[in-house]
$ cat data-v8.pdb   # PDB, C-alpha atoms
ATOM      1  CA  MET A 300       0.000   0.000   0.000
ATOM      2  CA  THR A 301       1.316   3.348  -0.931
ATOM      3  CA  GLY A 302       1.114   6.485   1.179
ATOM      4  CA  GLU A 303      -1.475   7.898  -1.105
ATOM      5  CA  GLU A 304      -3.753   4.843  -0.776
ATOM      6  CA  SER A 305      -3.471   4.721   3.002
ATOM      7  CA  GLY A 306      -4.370   8.464   3.146
ATOM      8  CA  LEU A 307      -7.416   7.892   0.959
ATOM      9  CA  GLU A 308      -8.767   5.063   2.984
ATOM     10  CA  PRO A 309      -9.483   7.103   6.152
ATOM     11  CA  ASP A 310     -11.027   9.826   3.979
ATOM     12  CA  LEU A 311     -13.273   7.268   2.289
ATOM     13  CA  ARG A 312     -14.263   5.799   5.617
ATOM     14  CA  GLN A 313     -15.145   9.237   6.907
ATOM     15  CA  GLU A 314     -17.088   9.999   3.754
ATOM     16  CA  ILE A 315     -18.939   6.672   3.981
ATOM     17  CA  ALA A 316     -19.722   7.321   7.663
ATOM     18  CA  ARG A 317     -20.965  10.852   6.817
ATOM     19  CA  LEU A 318     -23.119   9.516   3.974
ATOM     20  CA  GLN A 319     -24.479   6.785   6.259
ATOM     21  CA  ARG A 320     -25.449   9.434   8.852
ATOM     22  CA  GLU A 321     -27.125  11.513   6.148
ATOM     23  CA  LEU A 322     -28.947   8.438   4.852
ATOM     24  CA  ASP A 323     -30.129   7.552   8.371
ATOM     25  CA  GLU A 324     -31.342  11.127   8.914
ATOM     26  CA  VAL A 325     -33.188  11.140   5.573
ATOM     27  CA  ARG A 326     -34.796   7.763   6.411
ATOM     28  CA  ARG A 327     -35.844   9.060   9.842
ATOM     29  CA  LEU A 328     -37.370  12.184   8.260
ATOM     30  CA  ALA A 329     -39.118  10.094   5.593
ATOM     31  CA  GLU A 330     -40.606   7.771   8.245
ATOM     32  CA  GLU A 331     -41.654  10.741  10.383
ATOM     33  CA  ARG A 332     -43.336  12.439   7.431
ATOM     34  CA  LEU A 333     -45.013   9.197   6.351
ATOM     35  CA  THR A 334     -46.409   8.792   9.872
ATOM     36  CA  ARG A 335     -47.649  12.408   9.882
ATOM     37  CA  LEU A 336     -49.228  11.865   6.456
ATOM     38  CA  GLN A 337     -50.977   8.720   7.707
ATOM     39  CA  TYR A 338     -52.340  10.643  10.721
ATOM     40  CA  LEU A 339     -53.531  13.453   8.451
ATOM     41  CA  GLN A 340     -55.227  10.966   6.165
ATOM     42  CA  ALA A 341     -56.958   9.317   9.141
ATOM     43  CA  ASP A 342     -58.033  12.752  10.450
ATOM     44  CA  PHE A 343     -59.396  13.648   7.026
ATOM     45  CA  ASP A 344     -61.328  10.357   6.805
ATOM     46  CA  ASN A 345     -62.793  10.974  10.272
ATOM     47  CA  TYR A 346     -63.723  14.533   9.278
ATOM     48  CA  ARG A 347     -65.384  13.305   6.081
ATOM     49  CA  LYS A 348     -67.360  10.668   7.984
ATOM     50  CA  SER A 349     -68.376  13.260  10.566
ATOM     51  CA  LEU A 350     -69.630  15.578   7.825
ATOM     52  CA  GLU A 351     -71.629  12.721   6.284
ATOM     53  CA  ARG A 352     -73.230  11.932   9.680
ATOM     54  CA  GLU A 353     -74.062  15.605  10.220
ATOM     55  CA  ARG A 354     -75.563  15.834   6.746
ATOM     56  CA  GLU A 355     -77.715  12.769   7.391
ATOM     57  CA  GLN A 356     -78.842  14.218  10.735
ATOM     58  CA  VAL A 357     -79.789  17.526   9.107
ATOM     59  CA  ILE A 358     -81.798  15.667   6.464
ATOM     60  CA  GLN A 359     -83.502  13.560   9.132
ATOM     61  CA  LEU A 360     -84.299  16.614  11.263
ATOM     62  CA  ALA A 361     -85.733  18.413   8.263
ATOM     63  CA  GLY A 362     -87.815  15.354   7.410
ATOM     64  CA  GLU A 363     -88.934  15.049  11.025
ATOM     65  CA  ALA A 364     -90.011  18.697  11.101
ATOM     66  CA  LEU A 365     -92.031  18.232   7.922
ATOM     67  CA  VAL A 366     -93.705  15.087   9.242
ATOM     68  CA  ARG A 367     -94.513  16.822  12.554
ATOM     69  CA  ASP A 368     -96.102  19.682  10.598
ATOM     70  CA  LEU A 369     -98.201  17.226   8.588
ATOM     71  CA  LEU A 370     -99.510  15.267  11.596
ATOM     72  CA  PRO A 371    -102.287  17.797  12.399
ATOM     73  CA  VAL A 372    -103.462  17.548   8.769
ATOM     74  CA  LEU A 373    -103.506  13.763   9.103
ATOM     75  CA  ASP A 374    -105.460  14.066  12.373
ATOM     76  CA  ASP A 375    -107.983  16.426  10.763
ATOM     77  CA  LEU A 376    -108.522  14.020   7.855
ATOM     78  CA  GLU A 377    -109.085  11.118  10.246
ATOM     79  CA  ARG A 378    -111.587  13.157  12.280
ATOM     80  CA  ALA A 379    -113.384  14.344   9.142
ATOM     81  CA  LEU A 380    -113.905  10.888   7.608
ATOM     82  CA  PRO A 381    -116.542   9.620  10.077
ATOM     83  CA  ALA A 382    -118.516  12.852   9.615
ATOM     84  CA  LEU A 383    -118.644  12.258   5.860
ATOM     85  CA  SER A 384    -120.521   8.940   6.054
ATOM     86  CA  GLN A 385    -123.418  10.112   3.854
ATOM     87  CA  GLU A 386    -121.562  12.501   1.569
ATOM     88  CA  LYS A 387    -120.397  11.750  -1.955
ATOM     89  CA  ASN A 388    -116.997  13.356  -1.205
ATOM     90  CA  ARG A 389    -116.118  10.620   1.292
ATOM     91  CA  GLU A 390    -114.316   8.518  -1.343
ATOM     92  CA  GLY A 391    -112.116  11.462  -2.296
ATOM     93  CA  PHE A 392    -111.198  12.146   1.328
ATOM     94  CA  GLU A 393    -110.487   8.459   1.942
ATOM     95  CA  LEU A 394    -108.214   8.383  -1.101
ATOM     96  CA  LEU A 395    -106.444  11.535   0.072
ATOM     97  CA  SER A 396    -106.012  10.076   3.557
ATOM     98  CA  ARG A 397    -104.598   6.789   2.203
ATOM     99  CA  LYS A 398    -102.154   8.645  -0.070
ATOM    100  CA  LEU A 399    -100.956  10.871   2.763
ATOM    101  CA  HIS A 400    -100.499   7.831   5.026
ATOM    102  CA  LYS A 401     -98.601   5.988   2.285
ATOM    103  CA  ILE A 402     -96.269   8.939   1.641
ATOM    104  CA  LEU A 403     -95.535   9.417   5.329
ATOM    105  CA  GLU A 404     -95.012   5.678   5.826
ATOM    106  CA  SER A 405     -92.514   5.656   2.959
ATOM    107  CA  HIS A 406     -90.531   8.230   4.947
ATOM    108  CA  GLY A 407     -90.547   6.042   8.067
ATOM    109  CA  LEU A 408     -93.723   7.127   9.886
ATOM    110  CA  ARG A 409     -95.607   4.421  11.797
ATOM    111  CA  SER A 410     -98.511   4.750  14.176
ATOM    112  CA  ILE A 411     -98.158   3.512  17.748
ATOM    113  CA  GLU A 412    -100.576   0.736  18.617
ATOM    114  CA  SER A 413    -102.298   1.582  21.892
ATOM    115  CA  GLN A 414    -105.814   0.197  22.302
ATOM    116  CA  GLY A 415    -105.817  -2.690  24.806
ATOM    117  CA  LYS A 416    -102.024  -2.579  25.279
ATOM    118  CA  ARG A 417    -100.121  -1.972  28.519
ATOM    119  CA  PHE A 418     -99.289   1.650  29.212
ATOM    120  CA  ASP A 419     -95.661   2.422  28.340
ATOM    121  CA  PRO A 420     -94.454   5.941  29.194
ATOM    122  CA  ASN A 421     -91.974   5.717  26.314
ATOM    123  CA  PHE A 422     -94.847   5.560  23.813
ATOM    124  CA  HIS A 423     -97.931   6.803  25.633
ATOM    125  CA  GLU A 424     -99.029   9.866  27.558
ATOM    126  CA  ALA A 425    -101.740   9.156  30.128
ATOM    127  CA  ILE A 426    -104.191  12.036  30.202
ATOM    128  CA  ALA A 427    -107.041  10.235  31.988
ATOM    129  CA  LYS A 428    -107.762   7.231  34.171
ATOM    130  CA  GLY A 429    -110.887   5.154  34.010
ATOM    131  CA  GLU A 430    -112.271   2.657  36.469
ATOM    132  CA  SER A 431    -112.352  -0.905  35.234
ATOM    133  CA  ASN A 432    -113.082  -4.227  36.918
ATOM    134  CA  GLU A 433    -112.194  -6.210  33.815
ATOM    135  CA  LYS A 434    -108.916  -4.623  32.731
ATOM    136  CA  GLU A 435    -105.623  -4.820  34.585
ATOM    137  CA  ASP A 436    -104.188  -1.580  35.992
ATOM    138  CA  GLY A 437    -102.282   0.310  33.337
ATOM    139  CA  THR A 438    -104.149  -1.187  30.379
ATOM    140  CA  ILE A 439    -105.086   1.396  27.774
ATOM    141  CA  LEU A 440    -108.852   1.798  27.611
ATOM    142  CA  GLU A 441    -109.104   4.553  25.035
ATOM    143  CA  GLU A 442    -106.862   6.450  22.648
ATOM    144  CA  TYR A 443    -107.631  10.172  22.406
ATOM    145  CA  GLN A 444    -104.870  11.038  19.949
ATOM    146  CA  ARG A 445    -102.801   8.608  17.908
ATOM    147  CA  GLY A 446     -99.078   8.603  18.519
ATOM    148  CA  TYR A 447     -96.391   8.151  15.882
ATOM    149  CA  LEU A 448     -92.865   6.830  15.458
ATOM    150  CA  LEU A 449     -90.539   8.238  12.818
ATOM    151  CA  ARG A 450     -88.177   5.367  12.119
ATOM    152  CA  SER A 451     -87.524   4.292  15.724
ATOM    153  CA  LYS A 452     -87.999   7.706  17.385
ATOM    154  CA  VAL A 453     -91.249   8.722  19.056
ATOM    155  CA  ILE A 454     -92.225  12.036  17.515
ATOM    156  CA  ARG A 455     -95.614  12.151  19.236
ATOM    157  CA  PRO A 456     -96.741   9.857  22.056
ATOM    158  CA  SER A 457    -100.274   8.473  22.020
ATOM    159  CA  LYS A 458    -102.605  10.345  24.370
ATOM    160  CA  VAL A 459    -104.536   7.693  26.223
ATOM    161  CA  LYS A 460    -106.919   6.803  29.030
ATOM    162  CA  ILE A 461    -105.655   3.986  31.244
ATOM    163  CA  ALA A 462    -107.467   1.481  33.443
ATOM    164  CA  GLU A 463    -107.502   1.840  37.179
ATOM    165  CA  HIS A 464    -108.673  -1.353  38.845
ATOM    166  CA  THR A 465    -111.638  -0.781  41.159
ATOM    167  CA  GLY A 466    -112.307  -4.321  42.362
ATOM    168  CA  GLU A 467    -110.909  -6.084  45.428
ATOM    169  CA  TRP A 468    -107.984  -3.769  46.154
ATOM    170  CA  LYS A 469    -110.219  -0.787  47.022
ATOM    171  CA  GLU A 470    -112.603  -2.981  49.016
ATOM    172  CA  GLU A 471    -109.771  -4.492  51.102
ATOM    173  CA  ASN A 472    -108.323  -1.084  51.869
ATOM    174  CA  HIS A 473    -111.650   0.725  52.258
ATOM    175  CA  GLY A 474    -111.622   3.067  55.189
ATOM    176  CA  LYS A 475    -107.859   2.885  55.743
ATOM    177  CA  GLY A 476    -106.016   6.141  55.340
ATOM    178  CA  GLU A 477    -102.308   6.599  55.311
ATOM    179  CA  ASP A 478    -102.305   6.986  59.097
ATOM    180  CA  ASN A 479    -103.923   3.549  59.632
ATOM    181  CA  ARG A 480    -101.366   1.377  57.853
ATOM    182  CA  ASP A 481    -100.498  -2.040  59.234
TER     183      ASP A 481
END
$ encode --input "data-v8.pdb" --output "structure tokens"
Amino acid sequence: MTGEESGLEPDLRQEIARLQRELDEVRRLAEERLTRLQYLQADFDNYRKSLEREREQVIQLAGEALVRDLLPVLDDLERALPALSQEKNREGFELLSRKLHKILESHGLRSIESQGKRFDPNFHEAIAKGESNEKEDGTILEEYQRGYLLRSKVIRPSKVKIAEHTGEWKEENHGKGEDNRD
């Protein structure tokens, strides 16, 4: 080995070591930036999904508001039909009522079944109680106003009259006030 070659070798080693450090730094920066890009992409996807959910909620709320506004019209049609028993316009009103029901049902509206069912505060609003020996306490005796679900959400509870048992319970406790408890 000549003097020149031995002098080059340490220089080459230093240059290789410097290039290796630069390469390691560039790799570290590339990995760091790739990770940041992946986080940004995930954030963007979450933002996009959030916007889609918000958009769907706005559409549903707008639809719910429209359906709520149409419920009094539906109620009026249902109240008017029995009064039209002798009139020739009854068929037209029945057709109109069926069409309105069909349109609202296609948008997710369903009526809440109440008559003869157990009172459920999630679906019913008790506005009266009626004495009954035949029905169990809390059974719905009469529906004053039909309630509705929009998809799975109650948008108007049924207004109902519920049974209050008047049989043996009142007879057994007759004459006992709160002060005379056993």
$ resolve_selection --input "data-v8.pdb" --expression "the PyMOL selection byres ((chain A and resi 429) around 6)" --output "JSON, numbers by chain"
{"A": [428, 430, 462, 463]}
$ write_last_selection --input "data-v8.pdb" --atoms "C-alpha atoms" --output "tab-separated table (two decimals), in the frame of the given file"
chain	number	residue	atom	x	y	z
A	428	LYS	CA	-107.76	7.23	34.17
A	430	GLU	CA	-112.27	2.66	36.47
A	462	ALA	CA	-107.47	1.48	33.44
A	463	GLU	CA	-107.50	1.84	37.18
$ closest_residue --input "data-v8.pdb" --among "A:Ser396, A:Asn345, A:Ser451, A:Asn388" --to "A:Leu369" --atoms "only C-alpha atoms"
A:Ser396
$ resolve_selection --input "data-v8.pdb" --expression "the PyMOL selection byres ((chain A and resi 373) around 12)" --output "PyMOL selection string"
chain A and resi 366-372+374-380+392-393+395-403+408+410+444-447
$ resolve_selection --input "data-v8.pdb" --expression "the PyMOL selection byres ((chain A and resi 416) around 10)" --output "number ranges by chain"
A: 412-415, 417-419, 437-440, 461
$ atom_distance --input "data-v8.pdb" --atom1 "atom CA of A:Pro420" --atom2 "atom CA of A:Glu435"
16.4 Å
$ atom_distance --input "data-v8.pdb" --atom1 "atom CA of A:Leu365" --atom2 "atom CA of A:Pro456"
17.1 Å
$ build_atoms --input "data-v8.pdb" --residues "stretch 418-450 of chain A" --atoms "N, CA and C atoms" --output "tab-separated table (two decimals), in the frame of the given file"
chain	number	residue	atom	x	y	z
A	418	PHE	N	-99.81	0.29	29.27
A	418	PHE	CA	-99.29	1.65	29.21
A	418	PHE	C	-97.77	1.59	29.27
A	419	ASP	N	-97.12	2.31	28.37
A	419	ASP	CA	-95.66	2.42	28.34
A	419	ASP	C	-95.33	3.90	28.21
A	420	PRO	N	-94.73	4.50	29.24
A	420	PRO	CA	-94.45	5.94	29.19
A	420	PRO	C	-93.51	6.36	28.06
A	421	ASN	N	-92.83	5.40	27.45
A	421	ASN	CA	-91.97	5.72	26.31
A	421	ASN	C	-92.78	5.99	25.05
A	422	PHE	N	-94.03	5.45	25.01
A	422	PHE	CA	-94.85	5.56	23.81
A	422	PHE	C	-96.20	6.23	24.06
A	423	HIS	N	-96.59	6.30	25.32
A	423	HIS	CA	-97.93	6.80	25.63
A	423	HIS	C	-97.87	7.94	26.65
A	424	GLU	N	-98.86	8.82	26.58
A	424	GLU	CA	-99.03	9.87	27.56
A	424	GLU	C	-100.42	9.68	28.16
A	425	ALA	N	-100.45	9.38	29.46
A	425	ALA	CA	-101.74	9.16	30.13
A	425	ALA	C	-102.35	10.51	30.47
A	426	ILE	N	-103.53	10.77	29.90
A	426	ILE	CA	-104.19	12.04	30.20
A	426	ILE	C	-105.48	11.82	30.98
A	427	ALA	N	-105.85	10.55	31.19
A	427	ALA	CA	-107.04	10.24	31.99
A	427	ALA	C	-106.93	8.81	32.51
A	428	LYS	N	-107.65	8.58	33.63
A	428	LYS	CA	-107.76	7.23	34.17
A	428	LYS	C	-109.23	6.88	34.21
A	429	GLY	N	-109.52	5.63	33.96
A	429	GLY	CA	-110.89	5.15	34.01
A	429	GLY	C	-110.99	3.92	34.87
A	430	GLU	N	-112.07	3.82	35.62
A	430	GLU	CA	-112.27	2.66	36.47
A	430	GLU	C	-112.65	1.45	35.62
A	431	SER	N	-112.07	0.31	35.99
A	431	SER	CA	-112.35	-0.90	35.23
A	431	SER	C	-112.17	-2.10	36.14
A	432	ASN	N	-113.19	-2.97	36.17
A	432	ASN	CA	-113.08	-4.23	36.92
A	432	ASN	C	-112.50	-5.32	36.05
A	433	GLU	N	-112.62	-5.16	34.73
A	433	GLU	CA	-112.19	-6.21	33.82
A	433	GLU	C	-110.75	-6.07	33.37
A	434	LYS	N	-110.26	-4.86	33.26
A	434	LYS	CA	-108.92	-4.62	32.73
A	434	LYS	C	-107.91	-4.48	33.88
A	435	GLU	N	-106.71	-4.93	33.63
A	435	GLU	CA	-105.62	-4.82	34.58
A	435	GLU	C	-105.17	-3.36	34.67
A	436	ASP	N	-104.70	-2.94	35.84
A	436	ASP	CA	-104.19	-1.58	35.99
A	436	ASP	C	-103.16	-1.29	34.91
A	437	GLY	N	-103.25	-0.11	34.34
A	437	GLY	CA	-102.28	0.31	33.34
A	437	GLY	C	-102.61	-0.12	31.93
A	438	THR	N	-103.72	-0.81	31.73
A	438	THR	CA	-104.15	-1.19	30.38
A	438	THR	C	-104.80	0.02	29.74
A	439	ILE	N	-104.53	0.24	28.48
A	439	ILE	CA	-105.09	1.40	27.77
A	439	ILE	C	-106.53	1.10	27.39
A	440	LEU	N	-107.43	1.96	27.88
A	440	LEU	CA	-108.85	1.80	27.61
A	440	LEU	C	-109.27	2.54	26.35
A	441	GLU	N	-108.68	3.71	26.15
A	441	GLU	CA	-109.10	4.55	25.04
A	441	GLU	C	-107.92	5.38	24.55
A	442	GLU	N	-107.90	5.61	23.25
A	442	GLU	CA	-106.86	6.45	22.65
A	442	GLU	C	-107.53	7.75	22.20
A	443	TYR	N	-107.07	8.87	22.77
A	443	TYR	CA	-107.63	10.17	22.41
A	443	TYR	C	-106.93	10.77	21.19
A	444	GLN	N	-105.63	10.55	21.11
A	444	GLN	CA	-104.87	11.04	19.95
A	444	GLN	C	-103.81	10.00	19.62
A	445	ARG	N	-103.75	9.62	18.36
A	445	ARG	CA	-102.80	8.61	17.91
A	445	ARG	C	-101.37	9.15	18.02
A	446	GLY	N	-100.49	8.27	18.45
A	446	GLY	CA	-99.08	8.60	18.52
A	446	GLY	C	-98.34	8.03	17.32
A	447	TYR	N	-97.15	8.58	17.06
A	447	TYR	CA	-96.39	8.15	15.88
A	447	TYR	C	-94.91	8.00	16.19
A	448	LEU	N	-94.31	7.04	15.47
A	448	LEU	CA	-92.86	6.83	15.46
A	448	LEU	C	-92.36	7.26	14.09
A	449	LEU	N	-91.22	7.94	14.08
A	449	LEU	CA	-90.54	8.24	12.82
A	449	LEU	C	-89.26	7.44	12.87
A	450	ARG	N	-89.19	6.41	12.04
A	450	ARG	CA	-88.18	5.37	12.12
A	450	ARG	C	-88.32	4.72	13.50
